[in-house]
Amino acid sequence: MAESQNGSFPFFVFFCNFVPMNIDKERVEELRNLLAEPKNIVIVGHTNPDGDAIGSSLALAEVLTARGHQVTCALPNNYPYYLRWIPNSENIIIYRNDEEHRTEKALDEADVIVCADMNSLTRADALGEAVAKNTTAKRVLIDHHLYPAEGFDIMFSYPDLSSTAFLMYSVIVALYGKEAITEKVATQLYVGIMTDTGNFAFSALTPELFEAVAVLSGTGIDIPQIYNNVYNSFTEGRAKLFGYTINRKMKTLLGGRVAYMSLTEEEMRRYWFQQGDNEGFVNYPLSIKKMKMSAMFTAQAGFNRVSLRSRGNVDVDTFARRYFNGGGHKNAAGGKSFVSMEETIQHYIDSVNEYHAEGLV
Ligand code: 5GP
Ligand code: MN
């Protein structure tokens with residue numbers, strides 16, 4: 001009543017009818033038609049899978065399985081131990097360990113292949129190559145990275161969104177309504193949103209995102225428990241490795257505005273390293289007030305993995321593309337270096353200086 005008297009009532013009505021997220025309705029209808037009959041579907045995520053890749057893939061799998069489809073989730077390599085509790089994660093096939101060739105069998109029979117949280121098949125390495133062999137299945141992209149590759153029949157590419165999980169929520173709701181968001185699906189999606197937004201601390205925190213989270217919360221999911229499962233479930237080795245990395249390995253450039261850290265295989269062994277143990281380390285230098293950019297170099301079999309983070313206008317997606325065979329988002333990107341750790345670090349220092357000379361950092 002008060003609203004209509006002070007003139008804000010029409011605005012209020014407009015707000016109630018607000019479409020949660022403006023995703024392309026034509027694409028939604030194409031996907032609806034594609035899924036009108038039961039199909040064999042394979043959902044694929046990127047190498048070094050994170051909470052967003054896993055959560056959004058499993059949520060879509062759960063929703064489509066409940067609607068009569070035969071769904072297989074495959075990832076190129078294993079994911080960190082602190083994500084192993086996610087509902088249905090035990091059903092994911094890890095392509096690298098797939099001695100029974102279940103992935104190839106599913107890909108051979110697939111009518112539809114969905115790529116989630118990746119902008120190109122190259123992001124899934126050998127699994128991407130296996131996907132490329134199936135030239136008849138319809139290919140669907142559901143992703144929030146910049147510069148999506150060509151070759152997809154139906155594309156949902158929204159680089160402005162915080163997470164693929166939020167996009168997946170929007171696609172699921174557009175297809176089947178909010179009733180499709182069960183508590184299990186909500187848990188899977190919440191993991192993706194929580195991890196890709198740094199527990200709601202990074203950019204792209206829109207009202208629409210919080211409306212989606214309100215729906216997820218309404219299913220009864222245990223938000224503190226999900227937080228604890230992911231962020232308070234590490235090993236003692238990780239805590240010690242973190243202390244060592246910050247204390248002994250963090251170096252700064254440009255008067256303390258750019259940081260980098262590195263971990264060799266020997267250092268990782270010293271702290272009983274398990275996959276994912278250094279996840280998030282790269283963010284820590286950005287807790288220093290004047291820090292604009294941070295890098296973490298981690299030794300892997302045959303190359304050094306590069307992780308980059310930045311604040312504000314410093315664009316690490318461009319930096320990763322230019323200097324480290326990678327990409328990602330403006331403030332969070334990654335890549336690979338195929339030279340020694342010393343050469344990788346020197347290349348980073350030279351690249352930072354070049355970027356600085358162009359006024360980009
Ligand atoms: P992270 O540092 O957490 O591994 O990755 C940060 C972001 O960069 C993620 O969005 C991830 O998808 C992207 N990214 C990481 N590594 C690569 C890479 O080798 N190539 C590309 N194109 N993107 C990457
Ligand atoms: Mn993501």
# chains A, B, ... in the order shown; residues from 1 in each chain; ligands from 1
>>> select_by_dssp(residues="region 49-245 of chain A", states="helix (DSSP H, G or I)", output="ChimeraX atom specification")
/A:51-66,81-83,89-91,95-97,102-109,121-133,164-176,178-180,183-196,207-218,223-231,236-245
>>> residues_around(residues="Val215 (chain A)", least_positions_apart="4", cutoff="9 Å", atoms="only C-alpha atoms", output="PyMOL selection string")
chain A and resi 178+181+186+210-211+219
>>> closest_residue(among="A:Arg32, A:His46, A:Lys133, A:His144", to="ligand 2", atoms="only C-alpha atoms and all ligand atoms")
A:His144
>>> closest_residue(among="A:Pro224, A:Tyr147, A:Met296, A:Asn331", to="Ala204 (chain A)", atoms="only C-alpha atoms")
A:Asn331
>>> closest_residue(among="A:Thr136, A:Phe338, A:Thr47, A:Ala295", to="Arg96 (chain A)", atoms="only C-alpha atoms")
A:Thr47
>>> residues_around(residues="Asn77 (chain A)", least_positions_apart="5", cutoff="8 Å", atoms="only C-alpha atoms", output="CSV table (one decimal) with N, CA, C and O atoms, in the first residue's frame")
chain,number,residue,atom,x,y,z
A,47,THR,N,40.9,-29.5,-17.8
A,47,THR,CA,42.1,-30.1,-17.1
A,47,THR,C,42.3,-29.3,-15.7
A,47,THR,O,41.9,-28.1,-15.6
A,48,ASN,N,42.8,-30.0,-14.7
A,48,ASN,CA,42.9,-29.5,-13.4
A,48,ASN,C,41.5,-29.0,-13.0
A,48,ASN,O,41.4,-27.8,-12.6
A,49,PRO,N,40.5,-29.8,-12.9
A,49,PRO,CA,39.1,-29.4,-12.7
A,49,PRO,C,39.0,-28.7,-11.3
A,49,PRO,O,39.6,-29.1,-10.3
A,94,ILE,N,37.6,-40.3,-14.8
A,94,ILE,CA,38.8,-39.5,-15.0
A,94,ILE,C,39.5,-40.1,-16.2
A,94,ILE,O,40.0,-41.3,-16.2
A,95,TYR,N,39.5,-39.4,-17.3
A,95,TYR,CA,40.0,-39.9,-18.6
A,95,TYR,C,41.4,-40.5,-18.5
A,95,TYR,O,41.7,-41.5,-19.0
A,96,ARG,N,42.3,-39.8,-17.8
A,96,ARG,CA,43.7,-40.2,-17.6
A,96,ARG,C,43.8,-41.6,-17.0
A,96,ARG,O,44.7,-42.4,-17.2
A,97,ASN,N,42.9,-42.0,-16.1
A,97,ASN,CA,42.9,-43.3,-15.4
A,97,ASN,C,41.9,-44.3,-16.0
A,97,ASN,O,41.7,-45.3,-15.4
>>> closest_atom_pairs(of="chain A", to="ligand 1", cutoff="7 Å", atoms="only C-alpha atoms and all ligand atoms", output="JSON lines")
{"residue": "A:Met118", "atom": "CA", "partner": "ligand 1", "partner_atom_place_in_ligand_line": "12 (O)", "distance": 6.6}
{"residue": "A:Arg123", "atom": "CA", "partner": "ligand 1", "partner_atom_place_in_ligand_line": "20 (N)", "distance": 6.2}
{"residue": "A:His145", "atom": "CA", "partner": "ligand 1", "partner_atom_place_in_ligand_line": "10 (O)", "distance": 6.6}
{"residue": "A:Glu279", "atom": "CA", "partner": "ligand 1", "partner_atom_place_in_ligand_line": "3 (O)", "distance": 7.0}
{"residue": "A:Val306", "atom": "CA", "partner": "ligand 1", "partner_atom_place_in_ligand_line": "2 (O)", "distance": 6.8}
{"residue": "A:Ser307", "atom": "CA", "partner": "ligand 1", "partner_atom_place_in_ligand_line": "2 (O)", "distance": 3.7}
{"residue": "A:Leu308", "atom": "CA", "partner": "ligand 1", "partner_atom_place_in_ligand_line": "2 (O)", "distance": 5.7}
{"residue": "A:Asn325", "atom": "CA", "partner": "ligand 1", "partner_atom_place_in_ligand_line": "20 (N)", "distance": 6.6}
{"residue": "A:Gly326", "atom": "CA", "partner": "ligand 1", "partner_atom_place_in_ligand_line": "20 (N)", "distance": 3.6}
{"residue": "A:Gly327", "atom": "CA", "partner": "ligand 1", "partner_atom_place_in_ligand_line": "22 (N)", "distance": 3.7}
{"residue": "A:Gly328", "atom": "CA", "partner": "ligand 1", "partner_atom_place_in_ligand_line": "13 (C)", "distance": 3.9}
{"residue": "A:His329", "atom": "CA", "partner": "ligand 1", "partner_atom_place_in_ligand_line": "10 (O)", "distance": 5.8}
{"residue": "A:Ala332", "atom": "CA", "partner": "ligand 1", "partner_atom_place_in_ligand_line": "6 (C)", "distance": 4.8}
{"residue": "A:Ala333", "atom": "CA", "partner": "ligand 1", "partner_atom_place_in_ligand_line": "8 (O)", "distance": 3.2}
{"residue": "A:Gly334", "atom": "CA", "partner": "ligand 1", "partner_atom_place_in_ligand_line": "15 (C)", "distance": 3.4}
{"residue": "A:Gly335", "atom": "CA", "partner": "ligand 1", "partner_atom_place_in_ligand_line": "19 (O)", "distance": 3.5}
{"residue": "A:Lys336", "atom": "CA", "partner": "ligand 1", "partner_atom_place_in_ligand_line": "19 (O)", "distance": 5.5}
>>> residues_around(residues="Ser163 (chain A)", least_positions_apart="2", cutoff="10 Å", atoms="only C-alpha atoms", output="PyMOL selection string")
chain A and resi 51-53+56+117+143-145+158-161+165-168+189+192-197+204+209
>>> write_last_selection(atoms="N, CA, C and O atoms", output="compact mmCIF listing (two decimals), in the first residue's frame")
# COMPACT_ATOMS: atom_id res chain seq x y z
N GLY A 51 36.09 -26.47 -8.57
CA GLY A 51 34.74 -26.60 -8.03
C GLY A 51 33.67 -26.19 -9.04
O GLY A 51 32.58 -26.77 -9.06
N ASP A 52 34.00 -25.21 -9.87
CA ASP A 52 33.02 -24.73 -10.85
C ASP A 52 32.81 -25.76 -11.96
O ASP A 52 31.67 -26.06 -12.34
N ALA A 53 33.90 -26.29 -12.49
CA ALA A 53 33.79 -27.30 -13.56
C ALA A 53 33.02 -28.52 -13.06
O ALA A 53 32.10 -29.02 -13.73
N SER A 56 29.15 -27.55 -11.84
CA SER A 56 28.20 -27.27 -12.92
C SER A 56 27.97 -28.51 -13.78
O SER A 56 26.83 -28.76 -14.19
N ASP A 117 32.36 -25.01 -18.44
CA ASP A 117 33.45 -24.26 -17.79
C ASP A 117 34.76 -24.32 -18.58
O ASP A 117 35.84 -24.27 -18.01
N ASP A 143 29.62 -21.85 -20.73
CA ASP A 143 30.91 -21.39 -20.20
C ASP A 143 30.94 -19.88 -19.96
O ASP A 143 30.18 -19.13 -20.57
N HIS A 144 31.88 -19.47 -19.13
CA HIS A 144 32.02 -18.04 -18.82
C HIS A 144 33.45 -17.53 -19.05
O HIS A 144 33.83 -16.52 -18.44
N HIS A 145 34.22 -18.20 -19.91
CA HIS A 145 35.56 -17.69 -20.24
C HIS A 145 35.51 -16.84 -21.50
O HIS A 145 34.65 -17.06 -22.37
N TYR A 158 29.02 -16.66 -21.67
CA TYR A 158 28.73 -15.43 -20.93
C TYR A 158 29.93 -15.05 -20.05
O TYR A 158 29.94 -15.32 -18.84
N PRO A 159 30.94 -14.39 -20.65
CA PRO A 159 32.17 -14.08 -19.90
C PRO A 159 31.97 -13.09 -18.75
O PRO A 159 32.85 -12.98 -17.90
N ASP A 160 30.84 -12.39 -18.73
CA ASP A 160 30.62 -11.45 -17.63
C ASP A 160 30.13 -12.12 -16.35
O ASP A 160 30.07 -11.48 -15.30
N LEU A 161 29.76 -13.38 -16.44
CA LEU A 161 29.21 -14.04 -15.26
C LEU A 161 30.30 -14.57 -14.34
O LEU A 161 31.37 -14.96 -14.78
N ALA A 165 28.67 -22.19 -12.90
CA ALA A 165 27.57 -22.74 -12.09
C ALA A 165 26.36 -21.80 -12.08
O ALA A 165 25.22 -22.26 -12.13
N PHE A 166 26.59 -20.50 -12.03
CA PHE A 166 25.48 -19.55 -12.09
C PHE A 166 24.81 -19.60 -13.47
O PHE A 166 23.58 -19.61 -13.58
N LEU A 167 25.63 -19.68 -14.51
CA LEU A 167 25.08 -19.83 -15.86
C LEU A 167 24.30 -21.13 -15.98
O LEU A 167 23.20 -21.17 -16.54
N MET A 168 24.84 -22.21 -15.42
CA MET A 168 24.17 -23.52 -15.47
C MET A 168 22.82 -23.44 -14.75
O MET A 168 21.82 -23.99 -15.23
N LEU A 189 25.67 -26.82 -7.49
CA LEU A 189 25.81 -25.48 -8.07
C LEU A 189 26.45 -24.51 -7.08
O LEU A 189 27.26 -23.66 -7.46
N GLY A 192 30.20 -24.52 -7.08
CA GLY A 192 30.78 -23.81 -8.22
C GLY A 192 30.75 -22.30 -8.03
O GLY A 192 31.73 -21.60 -8.28
N ILE A 193 29.61 -21.79 -7.55
CA ILE A 193 29.48 -20.34 -7.34
C ILE A 193 30.43 -19.90 -6.22
O ILE A 193 31.17 -18.92 -6.37
N MET A 194 30.43 -20.64 -5.12
CA MET A 194 31.27 -20.27 -3.97
C MET A 194 32.76 -20.24 -4.35
O MET A 194 33.47 -19.28 -4.03
N THR A 195 33.22 -21.28 -5.04
CA THR A 195 34.66 -21.35 -5.33
C THR A 195 35.07 -20.33 -6.39
O THR A 195 36.11 -19.70 -6.27
N ASP A 196 34.25 -20.13 -7.42
CA ASP A 196 34.66 -19.19 -8.48
C ASP A 196 34.53 -17.73 -8.06
O ASP A 196 35.14 -16.87 -8.67
N THR A 197 33.72 -17.44 -7.04
CA THR A 197 33.63 -16.04 -6.56
C THR A 197 34.53 -15.83 -5.35
O THR A 197 34.47 -14.75 -4.74
N ALA A 204 31.69 -9.37 -10.36
CA ALA A 204 30.49 -9.97 -10.96
C ALA A 204 29.50 -10.47 -9.91
O ALA A 204 28.79 -11.46 -10.14
N LEU A 209 22.75 -12.89 -9.30
CA LEU A 209 23.49 -14.00 -8.70
C LEU A 209 22.91 -14.31 -7.31
O LEU A 209 22.68 -15.48 -6.96
